[in-house]
file target20.cif (mmCIF, C-alpha atoms)
data_query
loop_
_atom_site.label_atom_id
_atom_site.label_comp_id
_atom_site.auth_asym_id
_atom_site.auth_seq_id
_atom_site.Cartn_x
_atom_site.Cartn_y
_atom_site.Cartn_z
CA MET X 1237 8.16 -7.21 -28.90
CA THR X 1238 11.15 -7.41 -26.58
CA PRO X 1239 12.68 -10.91 -26.76
CA PRO X 1240 12.75 -12.97 -23.56
CA ARG X 1241 15.81 -12.52 -21.39
CA GLN X 1242 18.30 -15.34 -21.05
CA HIS X 1243 18.39 -16.74 -17.54
CA PRO X 1244 20.24 -19.52 -15.77
CA PRO X 1245 18.40 -22.73 -16.71
CA VAL X 1246 15.79 -24.04 -14.33
CA ALA X 1247 14.41 -27.39 -15.39
CA SER X 1248 10.95 -27.30 -16.89
CA VAL X 1249 9.02 -30.31 -15.76
CA GLY X 1250 5.61 -31.81 -16.26
CA PRO X 1251 3.40 -32.09 -19.32
CA PRO X 1252 3.94 -29.73 -22.25
CA SER X 1253 2.12 -26.42 -22.37
CA GLY X 1254 -1.53 -26.59 -23.26
CA LEU X 1255 -4.91 -26.33 -21.67
CA ALA X 1256 -5.36 -29.11 -19.14
CA GLN X 1257 -8.49 -30.29 -17.44
CA GLU X 1258 -8.80 -28.91 -13.94
CA THR X 1259 -7.96 -31.52 -11.36
CA GLU X 1260 -10.82 -32.16 -8.97
CA VAL X 1261 -9.88 -31.19 -5.44
CA PRO X 1262 -11.26 -33.62 -2.84
CA ALA X 1263 -14.16 -32.19 -0.85
CA ALA X 1264 -12.42 -32.86 2.46
CA ILE X 1265 -9.47 -30.69 1.40
CA MET X 1266 -11.71 -27.85 0.23
CA THR X 1267 -13.65 -27.99 3.50
CA ARG X 1268 -10.44 -27.57 5.49
CA VAL X 1269 -9.36 -24.68 3.25
CA GLN X 1270 -12.70 -22.89 3.59
CA ASP X 1271 -12.70 -23.32 7.38
CA TYR X 1272 -9.16 -21.94 7.59
CA LEU X 1273 -9.97 -18.98 5.34
CA GLY X 1274 -12.98 -18.19 7.49
CA ASP X 1275 -10.71 -17.92 10.52
CA LEU X 1276 -8.15 -15.94 8.51
CA ARG X 1277 -10.66 -13.22 7.58
CA GLY X 1278 -10.92 -12.16 11.19
CA ALA X 1279 -7.19 -12.29 11.84
CA ARG X 1280 -5.66 -10.55 8.82
CA ALA X 1281 -6.07 -7.23 7.02
CA ARG X 1282 -8.11 -6.96 3.83
CA LYS X 1283 -5.01 -6.25 1.73
CA THR X 1284 -3.39 -9.43 3.04
CA LEU X 1285 -6.45 -11.43 2.04
CA LEU X 1286 -6.46 -9.82 -1.41
CA ALA X 1287 -2.78 -10.67 -1.88
CA LEU X 1288 -3.51 -14.26 -0.89
CA ALA X 1289 -6.41 -14.52 -3.33
CA ASN X 1290 -4.38 -12.97 -6.15
CA GLY X 1291 -1.43 -15.32 -5.64
CA VAL X 1292 -3.62 -18.42 -5.51
CA ARG X 1293 -5.64 -17.32 -8.55
CA LEU X 1294 -2.49 -16.68 -10.61
CA PHE X 1295 -0.84 -19.98 -9.69
CA ARG X 1296 -4.03 -21.97 -10.24
CA ALA X 1297 -4.51 -20.45 -13.71
CA TRP X 1298 -0.91 -21.26 -14.62
CA CYS X 1299 -1.31 -24.86 -13.42
CA GLU X 1300 -4.48 -25.36 -15.44
CA VAL X 1301 -2.79 -24.09 -18.59
CA HIS X 1302 0.37 -26.16 -18.10
CA GLY X 1303 -1.21 -29.38 -16.90
CA HIS X 1304 -0.08 -29.35 -13.26
CA PRO X 1305 -2.21 -30.04 -10.19
CA TRP X 1306 -2.69 -26.88 -8.13
CA LEU X 1307 -3.95 -28.35 -4.85
CA PRO X 1308 -2.00 -30.18 -3.77
CA THR X 1309 0.81 -29.10 -6.04
CA THR X 1310 4.40 -30.26 -6.27
CA ALA X 1311 7.85 -28.73 -5.96
CA ASP X 1312 8.43 -29.49 -9.65
CA ALA X 1313 5.31 -27.54 -10.59
CA LEU X 1314 6.50 -24.58 -8.53
CA ARG X 1315 9.91 -24.70 -10.19
CA GLY X 1316 8.23 -24.66 -13.59
CA PHE X 1317 6.07 -21.72 -12.49
CA ILE X 1318 9.12 -19.75 -11.35
CA ALA X 1319 11.01 -20.52 -14.56
CA HIS X 1320 8.02 -19.54 -16.70
CA ILE X 1321 7.65 -16.17 -15.00
CA GLY X 1322 11.36 -15.46 -15.30
CA ASP X 1323 11.55 -16.35 -18.99
CA GLN X 1324 8.73 -14.13 -20.21
CA PRO X 1325 8.78 -10.48 -21.30
CA PHE X 1326 6.52 -8.28 -19.19
CA ARG X 1327 2.94 -8.41 -20.33
CA ARG X 1328 -0.45 -9.63 -19.22
CA ARG X 1329 -2.03 -12.37 -21.26
CA THR X 1330 -5.51 -13.82 -21.22
CA ILE X 1331 -5.41 -17.60 -21.42
CA ALA X 1332 -8.56 -19.68 -21.19
CA GLY X 1333 -10.43 -16.62 -19.99
CA LYS X 1334 -7.96 -15.97 -17.18
CA ILE X 1335 -5.51 -13.07 -16.92
CA ILE X 1336 -2.00 -14.32 -16.27
CA GLU X 1337 0.86 -11.99 -15.40
CA THR X 1338 3.81 -13.46 -17.24
CA GLY X 1339 6.65 -11.37 -15.84
CA PRO X 1340 9.30 -10.46 -15.33
CA VAL X 1341 7.94 -9.63 -11.92
CA ALA X 1342 9.81 -8.28 -8.93
CA ALA X 1343 11.39 -10.82 -6.62
CA ALA X 1344 9.10 -9.58 -3.85
CA SER X 1345 6.05 -10.33 -6.01
CA LEU X 1346 7.31 -13.83 -6.75
CA ARG X 1347 7.82 -14.47 -3.05
CA GLN X 1348 4.29 -13.24 -2.40
CA TYR X 1349 2.90 -15.71 -4.94
CA LEU X 1350 4.81 -18.55 -3.30
CA TRP X 1351 3.67 -17.40 0.13
CA ALA X 1352 0.06 -17.65 -1.08
CA VAL X 1353 0.61 -21.19 -2.34
CA GLY X 1354 2.19 -22.12 0.98
CA VAL X 1355 -0.71 -20.67 2.97
CA LEU X 1356 -3.15 -22.60 0.79
CA HIS X 1357 -1.40 -25.90 1.52
CA ARG X 1358 -1.12 -25.22 5.22
CA ALA X 1359 -4.82 -24.36 5.25
CA ALA X 1360 -5.54 -27.74 3.67
CA GLU X 1361 -3.22 -29.42 6.22
CA LEU X 1362 -1.03 -30.65 3.37
CA PRO X 1363 2.78 -30.66 3.08
CA ASP X 1364 4.02 -27.23 1.97
CA PRO X 1365 5.91 -27.64 -1.34
CA THR X 1366 7.24 -24.07 -1.17
CA LYS X 1367 9.63 -25.24 1.57
CA SER X 1368 11.39 -27.61 -0.80
CA GLY X 1369 15.11 -27.04 -1.16
CA ARG X 1370 14.84 -27.19 -4.95
CA VAL X 1371 12.14 -24.49 -4.92
CA ALA X 1372 14.46 -22.34 -2.81
CA LEU X 1373 17.21 -22.84 -5.40
CA ALA X 1374 14.80 -21.86 -8.19
CA VAL X 1375 13.98 -18.66 -6.30
CA ASP X 1376 17.70 -17.97 -5.86
CA ALA X 1377 18.22 -18.43 -9.60
CA PHE X 1378 15.35 -16.05 -10.32
CA GLU X 1379 16.81 -13.42 -8.01
CA ARG X 1380 20.27 -13.76 -9.53
CA ALA X 1381 18.79 -13.16 -12.98
CA HIS X 1382 16.62 -10.22 -11.96
CA ARG X 1383 17.06 -7.14 -9.87
CA VAL X 1384 15.95 -7.93 -6.33
CA ARG X 1385 15.82 -4.26 -5.44
CA GLN X 1386 12.26 -2.94 -5.32
CA LYS X 1387 11.34 0.25 -7.14
CA GLN X 1388 10.93 3.13 -4.72
CA ALA X 1389 7.85 5.34 -4.84
CA PRO X 1390 8.54 8.86 -6.17
CA ALA X 1391 9.20 11.17 -3.24
CA LEU X 1392 6.76 13.99 -2.55
CA THR X 1393 8.92 16.26 -0.43
CA ARG X 1394 7.86 19.22 1.67
CA ALA X 1395 8.89 21.63 -1.09
CA ILE X 1396 6.52 19.89 -3.50
CA SER X 1397 3.67 19.61 -1.00
CA ASP X 1398 4.08 23.30 -0.13
CA THR X 1399 3.68 24.12 -3.82
CA ILE X 1400 0.52 22.01 -4.01
CA LEU X 1401 -0.87 23.50 -0.80
CA ALA X 1402 -0.13 27.04 -1.99
CA GLY X 1403 -2.46 26.50 -4.93
CA ILE X 1404 -5.26 25.22 -2.70
CA GLU X 1405 -4.80 28.02 -0.18
CA ALA X 1406 -4.86 30.63 -2.97
CA SER X 1407 -8.22 29.25 -4.11
CA ILE X 1408 -9.56 29.42 -0.54
CA ALA X 1409 -8.27 32.98 -0.07
CA GLU X 1410 -9.81 34.11 -3.36
CA ALA X 1411 -13.23 32.78 -2.38
CA GLN X 1412 -13.00 34.43 1.02
CA SER X 1413 -11.99 37.79 -0.46
CA ASP X 1414 -14.99 37.65 -2.81
CA ASP X 1415 -17.34 36.67 0.04
CA ALA X 1416 -18.06 33.52 -1.95
CA PRO X 1417 -18.51 30.02 -0.50
CA VAL X 1418 -15.22 28.20 -0.08
CA SER X 1419 -15.08 24.90 -1.95
CA VAL X 1420 -15.51 21.99 0.43
CA TYR X 1421 -13.08 20.06 -1.76
CA ASP X 1422 -10.43 22.74 -1.22
CA LEU X 1423 -10.93 22.47 2.53
CA ARG X 1424 -10.85 18.68 2.46
CA ASP X 1425 -7.80 18.35 0.24
CA GLN X 1426 -5.87 20.95 2.21
CA ALA X 1427 -6.54 19.05 5.44
CA LEU X 1428 -5.84 15.71 3.74
CA ILE X 1429 -2.38 16.66 2.44
CA LEU X 1430 -1.34 18.36 5.68
CA THR X 1431 -2.50 15.41 7.80
CA TRP X 1432 -0.83 12.95 5.45
CA ARG X 1433 2.43 14.87 5.68
CA ASP X 1434 2.42 15.35 9.46
CA THR X 1435 1.56 11.76 10.27
CA MET X 1436 3.75 10.13 7.59
CA ALA X 1437 0.89 7.67 7.35
CA ARG X 1438 0.26 5.04 4.72
CA VAL X 1439 -2.67 5.94 2.49
CA SER X 1440 -4.73 3.12 4.01
CA GLU X 1441 -4.15 4.65 7.44
CA VAL X 1442 -5.04 8.19 6.34
CA VAL X 1443 -8.44 7.22 4.94
CA ALA X 1444 -9.24 5.25 8.11
CA LEU X 1445 -8.78 8.21 10.48
CA ARG X 1446 -11.68 9.13 12.77
CA TRP X 1447 -12.62 12.50 14.23
CA GLU X 1448 -12.86 11.05 17.73
CA ASP X 1449 -9.18 10.10 17.66
CA ILE X 1450 -7.93 13.68 17.30
CA GLN X 1451 -6.57 15.19 20.52
CA PRO X 1452 -5.81 18.95 20.61
CA ASN X 1453 -2.91 20.41 22.57
CA PRO X 1454 -4.18 23.74 23.97
CA LEU X 1455 -0.68 24.94 24.84
CA ASP X 1456 0.51 25.47 21.27
CA GLN X 1457 -2.57 24.70 19.14
CA SER X 1458 -0.96 21.52 17.81
CA GLY X 1459 -2.48 18.10 18.34
CA SER X 1460 -2.20 14.38 17.82
CA ILE X 1461 -4.21 11.63 16.21
CA GLU X 1462 -4.27 7.89 16.76
CA ILE X 1463 -3.58 5.45 13.96
CA ARG X 1464 -5.81 2.66 15.23
CA ARG X 1465 -4.45 -0.09 13.04
CA SER X 1466 -1.66 -0.33 10.51
CA LYS X 1467 0.33 -2.70 8.35
CA THR X 1468 2.73 -3.26 11.25
CA ASP X 1469 0.01 -3.22 13.93
CA GLN X 1470 -2.60 -5.78 12.90
CA ARG X 1471 -3.78 -6.27 16.48
CA GLY X 1472 -4.79 -2.64 16.81
CA GLU X 1473 -2.59 -1.49 19.67
CA GLY X 1474 -2.62 1.99 18.10
CA HIS X 1475 0.06 4.59 17.47
CA MET X 1476 -0.10 8.33 18.14
CA ARG X 1477 1.06 10.78 15.46
CA PHE X 1478 1.78 14.50 15.70
CA LEU X 1479 -0.38 17.18 14.05
CA SER X 1480 0.98 20.71 13.63
CA ALA X 1481 -0.99 23.84 14.52
CA ARG X 1482 -1.39 24.53 10.80
CA THR X 1483 -2.87 21.08 10.25
CA MET X 1484 -5.19 21.39 13.23
CA ALA X 1485 -6.52 24.68 11.86
CA ALA X 1486 -7.10 23.11 8.44
CA LEU X 1487 -8.87 20.15 10.06
CA ALA X 1488 -11.11 22.50 12.05
CA ALA X 1489 -12.15 24.36 8.89
CA TRP X 1490 -12.78 21.10 7.07
CA ARG X 1491 -14.74 19.66 9.99
CA THR X 1492 -17.25 22.51 9.81
CA ALA X 1493 -17.80 21.74 6.12
CA HIS X 1494 -17.86 18.00 6.85
CA GLU X 1495 -20.63 18.42 9.43
CA ARG X 1496 -22.64 20.50 6.98
CA ILE X 1497 -22.33 17.78 4.32
CA ILE X 1498 -23.58 15.16 6.76
CA SER X 1499 -26.46 17.31 8.02
CA ASP X 1500 -27.56 18.08 4.44
CA ALA X 1501 -27.48 14.42 3.42
CA SER X 1502 -30.60 12.94 1.88
CA PRO X 1503 -32.75 10.50 3.90
CA LYS X 1504 -31.30 7.61 1.88
CA GLN X 1505 -27.76 8.76 2.60
CA GLN X 1506 -28.61 9.17 6.29
CA GLN X 1507 -29.94 5.62 6.36
CA ALA X 1508 -26.71 4.33 4.85
CA ILE X 1509 -24.67 6.16 7.48
CA ALA X 1510 -26.87 4.78 10.26
CA ALA X 1511 -26.51 1.26 8.83
CA ALA X 1512 -22.71 1.61 8.87
CA HIS X 1513 -22.87 2.35 12.61
CA ARG X 1514 -24.47 -1.06 13.12
CA GLU X 1515 -21.61 -2.86 11.38
CA PRO X 1516 -18.81 -3.73 13.84
CA ASP X 1517 -15.88 -3.07 11.49
CA ALA X 1518 -17.40 -0.35 9.32
CA LEU X 1519 -16.28 3.28 9.23
CA PRO X 1520 -19.40 5.47 9.06
CA ALA X 1521 -19.11 8.62 6.96
CA ASP X 1522 -19.91 10.91 9.88
CA SER X 1523 -17.02 9.41 11.86
CA ALA X 1524 -14.47 9.39 9.03
CA VAL X 1525 -12.20 12.42 8.83
CA PHE X 1526 -12.01 12.30 5.04
CA ILE X 1527 -15.10 11.59 2.95
CA GLY X 1528 -16.22 11.72 -0.65
CA VAL X 1529 -19.61 12.71 -2.05
CA HIS X 1530 -20.64 10.87 -5.21
CA ARG X 1531 -23.45 8.95 -6.84
CA ALA X 1532 -23.07 6.08 -4.40
CA GLY X 1533 -23.66 8.49 -1.53
CA ILE X 1534 -21.41 9.90 1.17
CA THR X 1535 -18.65 7.47 2.02
CA PRO X 1536 -15.19 7.48 3.58
CA LEU X 1537 -12.57 8.44 1.03
CA SER X 1538 -11.05 5.35 -0.58
CA THR X 1539 -7.32 4.82 -0.96
CA THR X 1540 -7.68 5.10 -4.73
CA ALA X 1541 -9.60 8.37 -4.44
CA ALA X 1542 -7.07 9.82 -1.99
CA VAL X 1543 -4.16 9.16 -4.36
CA GLN X 1544 -6.21 10.46 -7.29
CA LYS X 1545 -6.97 13.72 -5.45
CA LEU X 1546 -3.30 14.11 -4.57
CA ASN X 1547 -2.27 13.76 -8.21
CA GLU X 1548 -5.02 16.07 -9.43
CA ARG X 1549 -3.88 18.74 -6.99
CA ALA X 1550 -0.28 18.23 -8.09
CA VAL X 1551 -1.24 18.80 -11.73
CA ASP X 1552 -3.23 21.91 -10.76
CA ALA X 1553 -0.07 23.26 -9.11
CA GLY X 1554 2.05 22.53 -12.18
CA VAL X 1555 3.81 19.53 -10.64
CA LEU X 1556 3.86 17.13 -13.57
CA ARG X 1557 4.82 13.94 -11.78
CA ARG X 1558 2.80 10.88 -10.89
CA PHE X 1559 2.72 10.14 -7.17
CA SER X 1560 1.65 7.02 -5.30
CA GLY X 1561 0.07 6.46 -1.92
CA HIS X 1562 3.57 6.09 -0.48
CA SER X 1563 5.05 9.26 -1.96
CA ILE X 1564 4.36 11.64 0.93
CA ARG X 1565 5.71 9.07 3.37
CA VAL X 1566 8.92 8.68 1.37
CA GLY X 1567 9.33 12.42 0.82
CA THR X 1568 8.79 13.32 4.46
CA ALA X 1569 11.31 10.69 5.56
CA GLN X 1570 13.85 12.17 3.15
CA ASP X 1571 13.16 15.69 4.42
CA LEU X 1572 13.73 14.59 8.01
CA ILE X 1573 16.95 12.81 7.11
CA ALA X 1574 18.17 15.88 5.23
CA GLY X 1575 17.34 17.94 8.32
CA GLY X 1576 19.61 15.78 10.45
CA GLN X 1577 16.93 13.93 12.43
CA GLU X 1578 17.86 10.60 13.97
CA ILE X 1579 16.94 7.56 11.90
CA ALA X 1580 15.38 5.77 14.88
CA ALA X 1581 13.20 8.81 15.65
CA ILE X 1582 12.02 8.95 12.03
CA ALA X 1583 11.17 5.24 12.11
CA GLN X 1584 9.17 5.74 15.31
CA ALA X 1585 7.33 8.75 13.91
CA GLY X 1586 6.36 6.90 10.75
CA GLY X 1587 5.40 3.62 12.39
CA TRP X 1588 8.14 1.46 10.87
CA LYS X 1589 9.05 -1.68 12.79
CA ASP X 1590 12.74 -1.13 12.16
CA VAL X 1591 14.99 1.41 10.49
CA LYS X 1592 15.65 -0.61 7.32
CA MET X 1593 13.05 1.14 5.16
CA VAL X 1594 14.00 4.58 6.45
CA LEU X 1595 17.60 3.88 5.50
CA ARG X 1596 16.43 2.74 2.08
CA TYR X 1597 14.38 5.90 1.51
CA GLY X 1598 17.27 8.12 2.50
CA GLU X 1599 20.25 6.15 1.26
CA ARG X 1600 21.30 8.75 -1.30
CA LEU X 1601 21.16 11.50 1.29
CA LEU X 1602 22.95 9.35 3.85
CA THR X 1603 25.90 8.74 1.53
CA ASP X 1604 26.90 12.35 2.18
CA ARG X 1605 26.99 11.55 5.90
CA SER X 1606 28.82 8.23 5.59
CA ALA X 1607 32.15 7.58 7.30
CA VAL X 1608 33.99 7.87 3.98
CA ALA X 1609 32.28 11.18 3.14
CA ARG X 1610 33.05 12.65 6.59
CA ALA X 1611 36.67 11.50 6.45
CA GLU X 1612 37.09 13.05 3.01
CA ALA X 1613 35.57 16.32 4.25
CA GLU X 1614 37.97 16.36 7.20
CA ARG X 1615 40.95 15.81 4.89
CA SER X 1616 39.75 18.63 2.66
CA ASP X 1617 39.50 20.96 5.66
CA LEU X 1618 43.07 20.15 6.69
CA SER X 1619 44.55 20.72 3.25
#

call {"tool": "encode", "arguments": {"input": "target20.cif", "output": "structure tokens"}}
result
Amino acid sequence: MTPPRQHPPVASVGPPSGLAQETEVPAAIMTRVQDYLGDLRGARARKTLLALANGVRLFRAWCEVHGHPWLPTTADALRGFIAHIGDQPFRRRTIAGKIIETGPVAAASLRQYLWAVGVLHRAAELPDPTKSGRVALAVDAFERAHRVRQKQAPALTRAISDTILAGIEASIAEAQSDDAPVSVYDLRDQALILTWRDTMARVSEVVALRWEDIQPNPLDQSGSIEIRRSKTDQRGEGHMRFLSARTMAALAAWRTAHERIISDASPKQQQAIAAAHREPDALPADSAVFIGVHRAGITPLSTTAAVQKLNERAVDAGVLRRFSGHSIRVGTAQDLIAGGQEIAAIAQAGGWKDVKMVLRYGERLLTDRSAVARAEAERSDLS
């Protein structure tokens, strides 16, 4: 086992390690928390709520093991929590039936845990211990001892996606030449990857697309689609994204297969689709652009399934790399930077609030266009 790293000392306070009895939280506090969380569910995205639950669950488990109160907690307890995470080799441990991630975690993850604790205290209308100056110093010490830089998702560039798409298109062409039925999964995955690439969308945005939001452009056979809601657009103002003529053609072919799947659905599956139409925030399968057919029925494609299909198609094409839901977004941004597109235009096309992440994705490419690189090139031309 890798020995723990040595870090700048952060005082460990409170009772010694050991299983402590859970402190009873007054009913009035829990009532305020539950009321606040009820309001929060309608105002925040599901992933935000999951991050909040995960952070609270992790901190509460740590407090119970180390004998600290978790609600309300103290600045000293938070400092001990930060020090404990920083001093552990990376592993997950089960303590008292609870899974505790013992680090080292990324600085962004630590800040997310502290954010969750802060939200919990504000929900309970209690002083927020995460705002303590000594907690801020503990975070600074953690960041000095660890790399603050977040790991970037592997880039899936256009060259790689073209290789993947070539394999799918070859399978479609072979079926057509043999007068055999074309695989609906080939049609879906072709449309999925092309749409993902054109829109530079996050995976959560891709699987939430609806047929009704596609607008064709009859002049050049291209089109556009609306991203109704995104990580940076929680209020749902919407953002239009471009679709190439090639993507529109792939979507048209997939839509024919999609409609056939829905029309051939069993009565039970049809009932489930009809029930989804009655739910205000649900995405019915007949409205979703990308769907999956499985034992549970016909449902919109999940984010996990979309990434899984992408990786399966990559392996089929001989691309032996593991991609994430962000890989196409990163790769397309890099392609556009390499092609000389303006950073601000790339940020607008991909739905970033500012250019910071675009610059991060393309920083290695941009070094060749830096002032120093251009000056050196000019000197070389003169010599």

call {"tool": "residues_around", "arguments": {"input": "target20.cif", "residues": "Ile1498 (chain X)", "least_positions_apart": "4", "cutoff": "8 Å", "atoms": "only C-alpha atoms", "output": "PyMOL selection string"}}
result
chain X and resi 1494+1506+1521-1522+1534

call {"tool": "residues_around", "arguments": {"input": "target20.cif", "residues": "region 1547-1550 of chain X", "least_positions_apart": "5", "cutoff": "8 Å", "atoms": "all atoms listed in the file", "output": "PyMOL selection string"}}
result
chain X and resi 1400+1404+1555-1559

call {"tool": "residues_around", "arguments": {"input": "target20.cif", "residues": "Arg1477 (chain X)", "least_positions_apart": "6", "cutoff": "6 Å", "atoms": "only C-alpha atoms", "output": "list of chain:residue names"}}
result
X:Thr1435, X:Ser1460, X:Ile1461

call {"tool": "atom_distance", "arguments": {"input": "target20.cif", "atom1": "CA of Glu1495 (chain X)", "atom2": "CA of Val1551 (chain X)"}}
result
28.7 Å

call {"tool": "atom_distance", "arguments": {"input": "target20.cif", "atom1": "CA of Arg1296 (chain X)", "atom2": "CA of Ala1311 (chain X)"}}
result
14.3 Å

call {"tool": "resolve_selection", "arguments": {"input": "target20.cif", "expression": "the PyMOL selection byres ((chain X and resi 1366) around 10)", "output": "ChimeraX atom specification"}}
result
/X:1309-1311,1314-1315,1347,1350-1355,1357,1363-1365,1367-1372

call {"tool": "closest_residue", "arguments": {"input": "target20.cif", "among": "X:Trp1432, X:Leu1423, X:Gly1472, X:Thr1393", "to": "Arg1280 (chain X)", "atoms": "only C-alpha atoms"}}
result
X:Gly1472

call {"tool": "resolve_selection", "arguments": {"input": "target20.cif", "expression": "the PyMOL selection byres ((chain X and resi 1485) around 12)", "output": "PyMOL selection string"}}
result
chain X and resi 1423-1424+1426-1427+1430-1431+1452+1456-1459+1479-1484+1486-1492

call {"tool": "closest_residue", "arguments": {"input": "target20.cif", "among": "X:Thr1540, X:Gln1348, X:Gln1584, X:Ser1523", "to": "Leu1285 (chain X)", "atoms": "all atoms listed in the file"}}
result
X:Gln1348

call {"tool": "closest_residue", "arguments": {"input": "target20.cif", "among": "X:Val1594, X:Val1301, X:Val1443, X:Ala1581", "to": "Thr1535 (chain X)", "atoms": "only C-alpha atoms"}}
result
X:Val1443

call {"tool": "resolve_selection", "arguments": {"input": "target20.cif", "expression": "the PyMOL selection byres ((chain X and resi 1474) around 10)", "output": "short mmCIF file (atom, residue, chain, number, x, y, z; two decimals) with C-alpha atoms, in the frame of the given file"}}
result
data_model
loop_
_atom_site.label_atom_id
_atom_site.label_comp_id
_atom_site.auth_asym_id
_atom_site.auth_seq_id
_atom_site.Cartn_x
_atom_site.Cartn_y
_atom_site.Cartn_z
CA ILE X 1461 -4.21 11.63 16.21
CA GLU X 1462 -4.27 7.89 16.76
CA ILE X 1463 -3.58 5.45 13.96
CA ARG X 1464 -5.81 2.66 15.23
CA ARG X 1465 -4.45 -0.09 13.04
CA SER X 1466 -1.66 -0.33 10.51
CA ASP X 1469 0.01 -3.22 13.93
CA GLN X 1470 -2.60 -5.78 12.90
CA ARG X 1471 -3.78 -6.27 16.48
CA GLY X 1472 -4.79 -2.64 16.81
CA GLU X 1473 -2.59 -1.49 19.67
CA HIS X 1475 0.06 4.59 17.47
CA MET X 1476 -0.10 8.33 18.14
CA ARG X 1477 1.06 10.78 15.46
CA GLY X 1587 5.40 3.62 12.39
#

call {"tool": "closest_residue", "arguments": {"input": "target20.cif", "among": "X:Asp1376, X:Asp1552, X:Asp1312, X:Asp1571", "to": "Asp1434 (chain X)", "atoms": "all atoms listed in the file"}}
result
X:Asp1571

call {"tool": "atom_distance", "arguments": {"input": "target20.cif", "atom1": "CA of Glu1515 (chain X)", "atom2": "CA of His1530 (chain X)"}}
result
21.6 Å

call {"tool": "closest_residue", "arguments": {"input": "target20.cif", "among": "X:Ser1397, X:Ala1416, X:Cys1299, X:Lys1467", "to": "Thr1284 (chain X)", "atoms": "only C-alpha atoms"}}
result
X:Lys1467
